[in-house]
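target-v9.csv (CSV, C-alpha atoms and all ligand atoms) appears below.
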chain,number,residue,atom,x,y,z
Q,1,PRO,CA,-58.1,-61.7,80.1
Q,2,MET,CA,-56.8,-63.5,83.2
Q,3,SER,CA,-59.1,-63.3,86.3
Q,4,LEU,CA,-56.5,-61.8,88.6
Q,5,THR,CA,-55.1,-59.1,86.3
Q,6,ASN,CA,-54.3,-55.9,88.2
Q,7,LYS,CA,-54.6,-57.7,91.5
Q,8,THR,CA,-51.8,-57.8,94.1
Q,9,ALA,CA,-51.1,-60.7,96.5
Q,10,LEU,CA,-49.0,-61.6,99.5
Q,11,VAL,CA,-48.3,-65.3,100.1
Q,12,THR,CA,-46.4,-65.7,103.4
Q,13,GLY,CA,-43.8,-68.6,103.2
Q,14,SER,CA,-43.9,-68.8,99.4
Q,15,SER,CA,-40.2,-69.7,98.8
Q,16,ARG,CA,-41.1,-73.4,99.0
Q,17,GLY,CA,-43.9,-75.9,99.3
Q,18,ILE,CA,-47.6,-75.1,99.2
Q,19,GLY,CA,-46.8,-71.3,99.4
Q,20,ALA,CA,-44.5,-71.4,96.3
Q,21,ALA,CA,-47.2,-73.3,94.3
Q,22,THR,CA,-49.8,-70.8,95.5
Q,23,ALA,CA,-47.6,-67.8,94.4
Q,24,ARG,CA,-47.2,-69.4,91.0
Q,25,GLY,CA,-51.0,-70.1,90.7
Q,26,LEU,CA,-52.0,-66.6,91.6
Q,27,ALA,CA,-49.3,-65.1,89.2
Q,28,ALA,CA,-50.5,-67.4,86.4
Q,29,LYS,CA,-53.9,-65.7,86.7
Q,30,GLY,CA,-52.3,-62.3,86.4
Q,31,ALA,CA,-51.7,-61.2,90.0
Q,32,LEU,CA,-48.5,-59.4,91.1
Q,33,VAL,CA,-47.2,-61.6,93.9
Q,34,ALA,CA,-45.0,-60.8,96.9
Q,35,VAL,CA,-43.0,-64.0,97.6
Q,36,HIS,CA,-42.2,-64.0,101.3
Q,37,TYR,CA,-39.4,-66.1,103.0
Q,38,VAL,CA,-37.2,-66.0,106.0
Q,39,ASP,CA,-34.0,-68.0,105.4
Q,40,ASN,CA,-34.1,-69.5,102.0
Q,41,GLU,CA,-33.3,-66.6,99.8
Q,42,ALA,CA,-32.3,-68.9,96.9
Q,43,ALA,CA,-35.6,-70.7,96.9
Q,44,ALA,CA,-37.5,-67.3,97.0
Q,45,ARG,CA,-35.4,-66.1,94.0
Q,46,GLU,CA,-36.2,-69.4,92.2
Q,47,THR,CA,-40.0,-68.9,92.8
Q,48,VAL,CA,-39.8,-65.3,91.5
Q,49,GLU,CA,-37.8,-66.4,88.5
Q,50,ALA,CA,-40.2,-69.3,87.7
Q,51,ILE,CA,-43.1,-66.8,87.8
Q,52,GLU,CA,-41.3,-64.4,85.6
Q,53,ASN,CA,-40.4,-67.2,83.1
Q,54,ASP,CA,-44.1,-68.0,82.9
Q,55,GLY,CA,-44.7,-64.3,82.0
Q,56,GLY,CA,-45.9,-63.3,85.5
Q,57,ARG,CA,-44.9,-60.7,88.0
Q,58,ALA,CA,-43.4,-61.2,91.4
Q,59,PHE,CA,-40.9,-59.8,93.9
Q,60,SER,CA,-39.5,-61.3,97.1
Q,61,VAL,CA,-39.7,-60.0,100.7
Q,62,ARG,CA,-37.8,-61.2,103.7
Q,63,ALA,CA,-39.1,-61.2,107.2
Q,64,GLU,CA,-38.8,-63.4,110.2
Q,65,LEU,CA,-42.2,-64.1,111.6
Q,66,GLY,CA,-42.6,-65.1,115.2
Q,67,THR,CA,-40.2,-62.4,116.4
Q,68,THR,CA,-40.9,-58.9,117.7
Q,69,GLY,CA,-41.0,-56.6,114.6
Q,70,GLY,CA,-41.4,-59.4,112.1
Q,71,VAL,CA,-44.8,-58.3,110.9
Q,72,HIS,CA,-43.6,-54.7,110.7
Q,73,GLU,CA,-40.6,-55.8,108.6
Q,74,LEU,CA,-42.9,-57.8,106.3
Q,75,PHE,CA,-45.2,-54.9,105.6
Q,76,LEU,CA,-42.3,-52.4,105.1
Q,77,GLY,CA,-40.9,-54.7,102.3
Q,78,LEU,CA,-44.4,-55.5,100.9
Q,79,GLU,CA,-45.5,-51.8,100.8
Q,80,GLN,CA,-42.2,-50.7,99.2
Q,81,GLY,CA,-42.4,-53.5,96.6
Q,82,LEU,CA,-46.0,-52.7,95.7
Q,83,LYS,CA,-45.4,-49.0,95.5
Q,84,GLU,CA,-42.4,-49.4,93.2
Q,85,ARG,CA,-44.5,-51.6,90.8
Q,86,THR,CA,-48.0,-50.2,91.1
Q,87,GLY,CA,-47.6,-46.7,92.6
Q,88,GLN,CA,-49.9,-47.9,95.4
Q,89,THR,CA,-50.0,-50.2,98.4
Q,90,THR,CA,-53.3,-51.9,97.8
Q,91,LEU,CA,-53.2,-55.6,98.7
Q,92,ASP,CA,-56.1,-57.5,97.1
Q,93,ILE,CA,-55.2,-61.1,98.3
Q,94,LEU,CA,-53.5,-62.2,101.5
Q,95,VAL,CA,-52.6,-65.8,102.0
Q,96,ASN,CA,-51.4,-66.7,105.5
Q,97,ASN,CA,-49.4,-69.8,104.6
Q,98,ALA,CA,-46.1,-69.6,106.5
Q,99,GLY,CA,-46.0,-72.1,109.3
Q,100,VAL,CA,-43.8,-74.3,111.4
Q,101,THR,CA,-44.6,-77.9,112.0
Q,102,THR,CA,-43.3,-80.7,114.2
Q,103,PRO,CA,-42.5,-82.9,111.3
Q,104,ALA,CA,-41.9,-86.2,113.1
Q,105,GLY,CA,-44.3,-85.2,115.9
Q,106,VAL,CA,-43.6,-85.0,119.6
Q,107,ALA,CA,-45.4,-87.1,122.2
Q,108,PRO,CA,-47.8,-84.9,124.2
Q,109,GLU,CA,-45.7,-85.8,127.3
Q,110,ASP,CA,-42.6,-84.2,125.7
Q,111,VAL,CA,-43.9,-80.9,124.4
Q,112,THR,CA,-41.9,-78.1,126.0
Q,113,PRO,CA,-43.2,-74.6,126.8
Q,114,GLU,CA,-40.6,-73.3,124.4
Q,115,ASP,CA,-41.8,-75.5,121.5
Q,116,PHE,CA,-45.4,-74.5,122.3
Q,117,ASP,CA,-44.7,-70.8,122.4
Q,118,ARG,CA,-42.7,-71.0,119.1
Q,119,LEU,CA,-45.6,-72.8,117.3
Q,120,PHE,CA,-48.0,-70.2,118.5
Q,121,ALA,CA,-45.7,-67.3,117.7
Q,122,VAL,CA,-45.3,-68.3,114.1
Q,123,ASN,CA,-48.6,-70.0,113.3
Q,124,VAL,CA,-51.1,-67.8,115.3
Q,125,ARG,CA,-49.6,-64.6,116.6
Q,126,ALA,CA,-48.0,-63.7,113.2
Q,127,PRO,CA,-51.1,-64.3,111.0
Q,128,PHE,CA,-53.4,-62.4,113.5
Q,129,PHE,CA,-51.2,-59.3,113.3
Q,130,ILE,CA,-50.7,-59.7,109.6
Q,131,VAL,CA,-54.4,-59.6,109.1
Q,132,GLN,CA,-54.7,-56.7,111.5
Q,133,ARG,CA,-52.0,-54.8,109.5
Q,134,ALA,CA,-53.5,-55.7,106.2
Q,135,LEU,CA,-56.9,-54.2,107.1
Q,136,GLY,CA,-55.8,-50.8,105.9
Q,137,LEU,CA,-54.5,-52.2,102.5
Q,138,LEU,CA,-57.4,-54.5,101.5
Q,139,PRO,CA,-59.9,-53.0,99.1
Q,140,GLU,CA,-63.5,-53.9,98.5
Q,141,GLY,CA,-63.5,-57.4,97.1
Q,142,GLY,CA,-60.3,-58.4,98.9
Q,143,ARG,CA,-59.5,-61.9,99.9
Q,144,ILE,CA,-57.9,-63.5,103.0
Q,145,ILE,CA,-57.1,-67.2,102.9
Q,146,ASN,CA,-55.6,-68.9,106.0
Q,147,ILE,CA,-53.9,-72.2,105.6
Q,148,SER,CA,-55.1,-74.6,108.4
Q,149,SER,CA,-54.7,-78.4,108.5
Q,150,GLY,CA,-56.8,-81.5,108.3
Q,151,LEU,CA,-55.5,-82.1,111.8
Q,152,THR,CA,-58.1,-79.8,113.3
Q,153,ARG,CA,-60.5,-82.7,112.5
Q,154,PHE,CA,-58.3,-85.8,112.6
Q,155,ALA,CA,-56.8,-86.8,116.0
Q,156,SER,CA,-53.0,-87.2,116.0
Q,157,PRO,CA,-51.7,-86.9,119.6
Q,158,ASP,CA,-48.1,-86.4,118.5
Q,159,GLN,CA,-49.1,-83.1,116.8
Q,160,VAL,CA,-51.4,-81.8,119.5
Q,161,ALA,CA,-49.6,-78.4,120.0
Q,162,TYR,CA,-49.3,-77.8,116.2
Q,163,SER,CA,-53.0,-78.7,115.7
Q,164,MET,CA,-54.0,-76.3,118.5
Q,165,THR,CA,-52.4,-73.5,116.4
Q,166,LYS,CA,-54.5,-74.5,113.4
Q,167,GLY,CA,-57.6,-74.5,115.5
Q,168,ALA,CA,-56.7,-70.9,116.4
Q,169,VAL,CA,-56.1,-70.0,112.7
Q,170,GLU,CA,-59.7,-71.2,112.0
Q,171,GLN,CA,-60.9,-68.7,114.6
Q,172,ILE,CA,-59.2,-65.9,112.7
Q,173,THR,CA,-61.3,-67.0,109.7
Q,174,LEU,CA,-64.6,-67.2,111.5
Q,175,HIS,CA,-64.5,-63.8,113.3
Q,176,PHE,CA,-62.8,-61.8,110.5
Q,177,ALA,CA,-65.2,-63.2,107.9
Q,178,ARG,CA,-68.0,-61.4,109.9
Q,179,HIS,CA,-65.9,-58.3,110.5
Q,180,LEU,CA,-65.0,-57.8,106.9
Q,181,ALA,CA,-68.2,-58.9,105.1
Q,182,PRO,CA,-69.5,-55.3,105.0
Q,183,ARG,CA,-66.4,-54.4,102.9
Q,184,GLY,CA,-67.0,-57.3,100.5
Q,185,ILE,CA,-63.9,-59.1,101.7
Q,186,THR,CA,-64.0,-62.9,102.1
Q,187,VAL,CA,-62.0,-64.8,104.7
Q,188,ASN,CA,-61.7,-68.6,104.4
Q,189,SER,CA,-59.6,-71.5,105.7
Q,190,VAL,CA,-58.0,-74.1,103.5
Q,191,ALA,CA,-57.0,-77.4,105.2
Q,192,PRO,CA,-54.4,-79.5,103.4
Q,193,GLY,CA,-53.8,-83.1,104.3
Q,194,ILE,CA,-50.3,-84.7,103.9
Q,195,THR,CA,-48.8,-82.7,101.1
Q,196,ASN,CA,-45.5,-83.1,99.3
Q,197,ASN,CA,-43.6,-80.0,100.2
Q,198,GLY,CA,-40.3,-81.3,98.8
Q,199,SER,CA,-38.9,-82.2,102.2
Q,200,ALA,CA,-36.7,-85.3,102.5
Q,201,VAL,CA,-39.3,-87.7,103.7
Q,202,PHE,CA,-41.1,-87.4,100.3
Q,203,ASP,CA,-38.0,-89.0,98.7
Q,204,ILE,CA,-38.5,-92.2,100.7
Q,205,PRO,CA,-40.8,-94.5,98.7
Q,206,GLU,CA,-41.9,-96.6,101.7
Q,207,ALA,CA,-42.7,-93.5,103.7
Q,208,VAL,CA,-44.7,-92.0,100.8
Q,209,GLU,CA,-46.6,-95.2,100.4
Q,210,GLN,CA,-47.6,-95.2,104.1
Q,211,MET,CA,-48.6,-91.5,104.0
Q,212,ALA,CA,-50.6,-92.1,100.8
Q,213,GLN,CA,-53.0,-94.4,102.7
Q,214,PHE,CA,-54.5,-91.4,104.6
Q,215,SER,CA,-56.1,-90.0,101.4
Q,216,ALA,CA,-59.2,-91.5,99.9
Q,217,PHE,CA,-57.3,-91.3,96.6
Q,218,LYS,CA,-54.3,-93.3,98.1
Q,219,ARG,CA,-51.7,-90.8,97.1
Q,220,VAL,CA,-50.0,-87.9,98.9
Q,221,GLY,CA,-51.1,-84.4,97.9
Q,222,GLU,CA,-49.0,-82.3,95.7
Q,223,ALA,CA,-48.5,-78.6,96.5
Q,224,VAL,CA,-50.4,-77.6,93.4
Q,225,ASP,CA,-53.4,-79.7,94.5
Q,226,VAL,CA,-53.8,-77.3,97.5
Q,227,ALA,CA,-52.6,-74.2,95.6
Q,228,ASP,CA,-55.4,-74.6,93.0
Q,229,VAL,CA,-58.0,-74.5,95.8
Q,230,VAL,CA,-56.4,-71.3,97.3
Q,231,THR,CA,-56.2,-69.7,93.8
Q,232,PHE,CA,-59.9,-70.4,93.2
Q,233,LEU,CA,-60.8,-68.7,96.5
Q,234,ALA,CA,-58.9,-65.6,95.4
Q,235,THR,CA,-60.9,-65.2,92.3
Q,236,ASP,CA,-64.2,-63.3,91.8
Q,237,GLU,CA,-66.0,-66.6,91.2
Q,238,ALA,CA,-65.5,-67.4,94.9
Q,239,ARG,CA,-67.2,-64.2,96.1
Q,240,TRP,CA,-70.1,-66.0,97.8
Q,241,ILE,CA,-67.8,-68.2,100.0
Q,242,THR,CA,-66.8,-66.7,103.3
Q,243,GLY,CA,-66.0,-68.0,106.8
Q,244,ALA,CA,-65.7,-71.5,105.3
Q,245,PHE,CA,-63.5,-74.4,106.2
Q,246,ILE,CA,-62.4,-75.9,102.8
Q,247,ASP,CA,-61.2,-79.5,103.1
Q,248,ALA,CA,-58.3,-79.9,100.7
Q,249,THR,CA,-57.1,-83.2,102.2
Q,250,GLY,CA,-57.9,-85.5,99.3
Q,251,GLY,CA,-60.6,-87.1,101.3
Q,252,THR,CA,-58.5,-87.8,104.4
Q,253,LEU,CA,-61.4,-86.7,106.6
Q,254,LEU,CA,-63.9,-89.1,105.1
Q,255,GLY,CA,-63.0,-91.7,107.7
Q,301,LIG,P1,-42.8,-75.7,104.1
Q,301,LIG,O1,-42.2,-76.1,105.4
Q,301,LIG,O2,-42.4,-76.4,102.8
Q,301,LIG,O3,-42.4,-74.1,103.9
Q,301,LIG,C1,-42.6,-73.2,104.9
Q,301,LIG,C2,-42.5,-71.8,104.4
Q,301,LIG,O4,-42.7,-70.9,105.4
Q,301,LIG,C3,-41.2,-71.5,103.7
Q,301,LIG,O5,-41.4,-70.5,102.7
Q,301,LIG,C4,-40.5,-70.8,104.9
Q,301,LIG,O6,-39.5,-69.9,104.5
Q,301,LIG,C5,-41.6,-70.1,105.6
Q,301,LIG,N1,-41.4,-69.9,107.0
Q,301,LIG,C6,-41.3,-70.9,108.0
Q,301,LIG,N2,-41.1,-70.4,109.2
Q,301,LIG,C7,-41.0,-69.0,109.0
Q,301,LIG,C8,-40.8,-67.9,109.9
Q,301,LIG,N3,-40.6,-68.1,111.2
Q,301,LIG,N4,-40.9,-66.7,109.4
Q,301,LIG,C9,-41.1,-66.5,108.1
Q,301,LIG,N5,-41.3,-67.5,107.2
Q,301,LIG,C10,-41.3,-68.7,107.7
Q,301,LIG,O7,-44.3,-75.5,104.3
Q,301,LIG,P2,-45.5,-76.4,103.7
Q,301,LIG,O8,-45.7,-76.1,102.3
Q,301,LIG,O9,-45.4,-77.8,104.1
Q,301,LIG,O10,-46.7,-75.8,104.5
Q,301,LIG,C11,-47.4,-74.6,104.2
Q,301,LIG,C12,-48.6,-74.5,105.2
Q,301,LIG,O11,-49.4,-75.6,105.0
Q,301,LIG,C13,-48.2,-74.4,106.6
Q,301,LIG,O12,-49.0,-73.5,107.3
Q,301,LIG,C14,-48.5,-75.8,107.1
Q,301,LIG,O13,-48.8,-75.8,108.5
Q,301,LIG,C15,-49.7,-76.2,106.3
Q,301,LIG,N6,-49.9,-77.6,106.1
Q,301,LIG,C16,-48.9,-78.4,105.5
Q,301,LIG,C17,-49.1,-79.7,105.3
Q,301,LIG,C18,-48.1,-80.6,104.6
Q,301,LIG,O14,-48.3,-81.8,104.6
Q,301,LIG,N7,-47.1,-80.1,104.0
Q,301,LIG,C19,-50.3,-80.4,105.9
Q,301,LIG,C20,-51.2,-79.5,106.5
Q,301,LIG,C21,-51.0,-78.2,106.6
Q,301,LIG,P3,-37.9,-70.3,104.2
Q,301,LIG,O15,-38.0,-71.1,102.9
Q,301,LIG,O16,-37.2,-69.1,104.0
Q,301,LIG,O17,-37.5,-71.2,105.3

Using structure tokens, write down the structure that the file contains.
Amino acid sequence: PMSLTNKTALVTGSSRGIGAATARGLAAKGALVAVHYVDNEAAARETVEAIENDGGRAFSVRAELGTTGGVHELFLGLEQGLKERTGQTTLDILVNNAGVTTPAGVAPEDVTPEDFDRLFAVNVRAPFFIVQRALGLLPEGGRIINISSGLTRFASPDQVAYSMTKGAVEQITLHFARHLAPRGITVNSVAPGITNNGSAVFDIPEAVEQMAQFSAFKRVGEAVDVADVVTFLATDEARWITGAFIDATGGTLLG
């Protein structure tokens, strides 16, 4: 039997990239996965279809995070999708993955209050209230996994505002790990390094070669490299890990 049979999962931002690979990883172990997206309906549909073609179960949910009402919209779709398929709204596994980045970076001198507020609205405010809203749905043995970044431990001035949001995400992990331990729920952070999410820069061999140098293994991460770590944390085998920062950067932080 697969280790996540009869479990349910929500992976925010799982139409593409690390989230899509995570949705597929959880579904491959038997979980019913809610594939969340905002704009890219076709990509969300492709992720659901890929899961179904592999014999798994998934459904998509649209919600715009970082807006008033976004989290409410997310949970209406989630609870309806779960109820239709399981007769309940129990959510065993929550992966806070959706995030916005400043891809090319912005010099600290040039960060605007609007950029800053947008980063915090999507990357911090949304996951906090998603966790708060999920508290009533998570059973004993539940799992929360928050996607951070190696940039909380690797100075990169052009990504200071983004990195600040990930520092805040790690605080969600610390404090909720304590809060939820009495219920047997674990809360952990997974920090990717540079990871191929299918965006255009990963089609430029010279750029990939440069980015590869940050990893001790001298390659960029693939989405599945991170997804496999997240999937492990969701299993019962990871029950003794909580409040942890899991370095999934391929050795980028070794210095
Ligand atoms: P992508 O940019 O490839 O995908 C982002 C996902 O989030 C998409 O599913 C997108 O939906 C969704 N999303 C974005 N903004 C919103 C929003 N406002 N409301 C709802 N959904 C939204 O992400 P990655 O795979 O690159 O990154 C995933 C996570 O990993 C992020 O938290 C990121 O910060 C972190 N990370 C990534 C690294 C990397 O090198 N890739 C490195 C370190 C950390 P849609 O498809 O509909 O647009």

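Note that the spacing between CA of Asn146 in chain Q and CA of Val95 in chain Q amounts to 5.9 Å.
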
CA of Gly250 in chain Q to CA of Gly221 in chain Q, distance in Å rounded to a single decimal: 7.0 Å

Sorted by chain and rising residue number, list the residues of chain Q at most 6 Å from ligand LIG 301 (chain Q) (counting only C-alpha atoms and all ligand atoms), each with its closest atom pair and distance in Å to one decimal, as JSON lines.
{"residue": "Q:Gly13", "atom": "CA", "partner": "Q:LIG301", "partner_atom": "O5", "distance": 3.1}
{"residue": "Q:Ser14", "atom": "CA", "partner": "Q:LIG301", "partner_atom": "O5", "distance": 4.5}
{"residue": "Q:Ser15", "atom": "CA", "partner": "Q:LIG301", "partner_atom": "O5", "distance": 4.2}
{"residue": "Q:Arg16", "atom": "CA", "partner": "Q:LIG301", "partner_atom": "O5", "distance": 4.7}
{"residue": "Q:Gly17", "atom": "CA", "partner": "Q:LIG301", "partner_atom": "O8", "distance": 3.5}
{"residue": "Q:Ile18", "atom": "CA", "partner": "Q:LIG301", "partner_atom": "O8", "distance": 3.8}
{"residue": "Q:Gly19", "atom": "CA", "partner": "Q:LIG301", "partner_atom": "O8", "distance": 5.7}
{"residue": "Q:Tyr37", "atom": "CA", "partner": "Q:LIG301", "partner_atom": "O16", "distance": 3.9}
{"residue": "Q:Val38", "atom": "CA", "partner": "Q:LIG301", "partner_atom": "O16", "distance": 3.7}
{"residue": "Q:Asp39", "atom": "CA", "partner": "Q:LIG301", "partner_atom": "O16", "distance": 3.7}
{"residue": "Q:Asn40", "atom": "CA", "partner": "Q:LIG301", "partner_atom": "O16", "distance": 3.7}
{"residue": "Q:Ala63", "atom": "CA", "partner": "Q:LIG301", "partner_atom": "C9", "distance": 5.7}
{"residue": "Q:Glu64", "atom": "CA", "partner": "Q:LIG301", "partner_atom": "N4", "distance": 4.0}
{"residue": "Q:Leu65", "atom": "CA", "partner": "Q:LIG301", "partner_atom": "N4", "distance": 3.6}
{"residue": "Q:Gly66", "atom": "CA", "partner": "Q:LIG301", "partner_atom": "N3", "distance": 5.4}
{"residue": "Q:Asn97", "atom": "CA", "partner": "Q:LIG301", "partner_atom": "O12", "distance": 4.6}
{"residue": "Q:Ala98", "atom": "CA", "partner": "Q:LIG301", "partner_atom": "O4", "distance": 3.8}
{"residue": "Q:Gly99", "atom": "CA", "partner": "Q:LIG301", "partner_atom": "O12", "distance": 3.9}
{"residue": "Q:Val100", "atom": "CA", "partner": "Q:LIG301", "partner_atom": "N2", "distance": 5.2}
{"residue": "Q:Thr101", "atom": "CA", "partner": "Q:LIG301", "partner_atom": "O13", "distance": 5.9}
{"residue": "Q:Val122", "atom": "CA", "partner": "Q:LIG301", "partner_atom": "N3", "distance": 5.5}
{"residue": "Q:Ile147", "atom": "CA", "partner": "Q:LIG301", "partner_atom": "O12", "distance": 5.3}
{"residue": "Q:Ser148", "atom": "CA", "partner": "Q:LIG301", "partner_atom": "C21", "distance": 5.7}
{"residue": "Q:Ser149", "atom": "CA", "partner": "Q:LIG301", "partner_atom": "C21", "distance": 4.2}
{"residue": "Q:Pro192", "atom": "CA", "partner": "Q:LIG301", "partner_atom": "C20", "distance": 4.5}
{"residue": "Q:Gly193", "atom": "CA", "partner": "Q:LIG301", "partner_atom": "C19", "distance": 4.7}
{"residue": "Q:Ile194", "atom": "CA", "partner": "Q:LIG301", "partner_atom": "O14", "distance": 3.6}
{"residue": "Q:Thr195", "atom": "CA", "partner": "Q:LIG301", "partner_atom": "O14", "distance": 3.6}
{"residue": "Q:Asn196", "atom": "CA", "partner": "Q:LIG301", "partner_atom": "N7", "distance": 5.8}
{"residue": "Q:Asn197", "atom": "CA", "partner": "Q:LIG301", "partner_atom": "O2", "distance": 4.6}

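Between CA of Thr8 in chain Q and CA of Val33 in chain Q the separation is 6.0 Å.
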
Using only C-alpha atoms, which residues sit within 12 Å of Ala234 in chain Q once same-chain residues fewer than 6 positions away are excluded, as a compact mmCIF listing (two decimals) with C-alpha atoms, in the frame of the given file?
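Contents of part09.txt, as written:
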# COMPACT_ATOMS: atom_id res chain seq x y z
CA SER Q 3 -59.10 -63.30 86.30
CA LEU Q 4 -56.50 -61.80 88.60
CA THR Q 5 -55.10 -59.10 86.30
CA LYS Q 7 -54.60 -57.70 91.50
CA THR Q 8 -51.80 -57.80 94.10
CA ALA Q 9 -51.10 -60.70 96.50
CA LEU Q 10 -49.00 -61.60 99.50
CA VAL Q 11 -48.30 -65.30 100.10
CA THR Q 22 -49.80 -70.80 95.50
CA ALA Q 23 -47.60 -67.80 94.40
CA GLY Q 25 -51.00 -70.10 90.70
CA LEU Q 26 -52.00 -66.60 91.60
CA ALA Q 27 -49.30 -65.10 89.20
CA LYS Q 29 -53.90 -65.70 86.70
CA GLY Q 30 -52.30 -62.30 86.40
CA ALA Q 31 -51.70 -61.20 90.00
CA LEU Q 91 -53.20 -55.60 98.70
CA ASP Q 92 -56.10 -57.50 97.10
CA ILE Q 93 -55.20 -61.10 98.30
CA LEU Q 94 -53.50 -62.20 101.50
CA VAL Q 95 -52.60 -65.80 102.00
CA GLY Q 141 -63.50 -57.40 97.10
CA GLY Q 142 -60.30 -58.40 98.90
CA ARG Q 143 -59.50 -61.90 99.90
CA ILE Q 144 -57.90 -63.50 103.00
CA ILE Q 145 -57.10 -67.20 102.90
CA ASN Q 146 -55.60 -68.90 106.00
CA ILE Q 185 -63.90 -59.10 101.70
CA THR Q 186 -64.00 -62.90 102.10
CA VAL Q 187 -62.00 -64.80 104.70
CA ASN Q 188 -61.70 -68.60 104.40
CA SER Q 189 -59.60 -71.50 105.70
CA VAL Q 190 -58.00 -74.10 103.50
CA ALA Q 227 -52.60 -74.20 95.60
CA ASP Q 228 -55.40 -74.60 93.00
CA TRP Q 240 -70.10 -66.00 97.80
CA ILE Q 241 -67.80 -68.20 100.00
CA THR Q 242 -66.80 -66.70 103.30

From the set Q:Ala161, Q:Val201, Q:Val61, Q:Ala34, which residue has the shortest atom-to-atom contact distance to Ala104 in chain Q, counting only C-alpha atoms? Q:Val201

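Of the listed residues (Q:Thr112, Q:Asn53, Q:Thr89, Q:Thr249), Q:Thr249 comes nearest to Val229 in chain Q; the distances count only C-alpha atoms.
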
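Of the residues under consideration (Q:Asp247, Q:Glu79, Q:Asp110, Q:Glu206), Q:Asp110 shows the shortest atom-to-atom contact distance to Gln159 in chain Q when counting only C-alpha atoms.
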
Using only C-alpha atoms, pick whichever of Q:Ala21, Q:Arg183, Q:Thr67, Q:Glu109 has the shortest atom-to-atom distance to Val48 in chain Q. Q:Ala21

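Minimum atom-to-atom distance to Arg125 in chain Q, evaluated using all atoms listed in the file, belongs to Q:Lys166 out of Q:Lys83, Q:Arg24, Q:Lys166, Q:Arg45.
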
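Restricting the calculation to only C-alpha atoms, the smallest distance between Gly55 in chain Q and any of Q:Ala28, Q:Gly243, Q:Leu138, Q:Phe202 is found for Q:Ala28.
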
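Taking all atoms listed in the file, the non-local environment of Phe154 in chain Q within 10 Å (same-chain residues fewer than 6 positions away omitted) comprises Ser163, Gly193, Thr252, Leu253, Leu254 and Gly255 of chain Q.
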
Since the input lacks some atoms of range 16-30 of chain Q, please model N, CA and C atoms and print them as a compact mmCIF listing (two decimals), in the frame of the given file.
# COMPACT_ATOMS: atom_id res chain seq x y z
N ARG Q 16 -41.08 -71.91 99.19
CA ARG Q 16 -41.10 -73.40 99.00
C ARG Q 16 -42.52 -73.90 99.18
N GLY Q 17 -42.69 -75.18 98.87
CA GLY Q 17 -43.90 -75.90 99.30
C GLY Q 17 -45.19 -75.38 98.74
N ILE Q 18 -46.23 -75.48 99.57
CA ILE Q 18 -47.60 -75.10 99.20
C ILE Q 18 -47.59 -73.57 98.86
N GLY Q 19 -46.85 -72.79 99.61
CA GLY Q 19 -46.80 -71.30 99.40
C GLY Q 19 -46.24 -71.01 98.01
N ALA Q 20 -45.16 -71.69 97.62
CA ALA Q 20 -44.50 -71.40 96.30
C ALA Q 20 -45.53 -71.78 95.19
N ALA Q 21 -46.20 -72.92 95.33
CA ALA Q 21 -47.20 -73.30 94.30
C ALA Q 21 -48.33 -72.33 94.25
N THR Q 22 -48.72 -71.79 95.41
CA THR Q 22 -49.80 -70.80 95.50
C THR Q 22 -49.37 -69.50 94.79
N ALA Q 23 -48.16 -69.07 95.09
CA ALA Q 23 -47.60 -67.80 94.40
C ALA Q 23 -47.67 -68.02 92.93
N ARG Q 24 -47.24 -69.19 92.46
CA ARG Q 24 -47.20 -69.40 91.00
C ARG Q 24 -48.65 -69.47 90.43
N GLY Q 25 -49.57 -70.06 91.18
CA GLY Q 25 -51.00 -70.10 90.70
C GLY Q 25 -51.61 -68.76 90.60
N LEU Q 26 -51.38 -67.93 91.60
CA LEU Q 26 -52.00 -66.60 91.60
C LEU Q 26 -51.33 -65.75 90.45
N ALA Q 27 -50.00 -65.89 90.30
CA ALA Q 27 -49.30 -65.10 89.20
C ALA Q 27 -49.75 -65.58 87.86
N ALA Q 28 -50.02 -66.88 87.72
CA ALA Q 28 -50.50 -67.40 86.40
C ALA Q 28 -51.81 -66.81 86.00
N LYS Q 29 -52.60 -66.38 87.01
CA LYS Q 29 -53.90 -65.70 86.70
C LYS Q 29 -53.74 -64.22 86.61
N GLY Q 30 -52.50 -63.74 86.68
CA GLY Q 30 -52.30 -62.30 86.40
C GLY Q 30 -51.92 -61.45 87.61
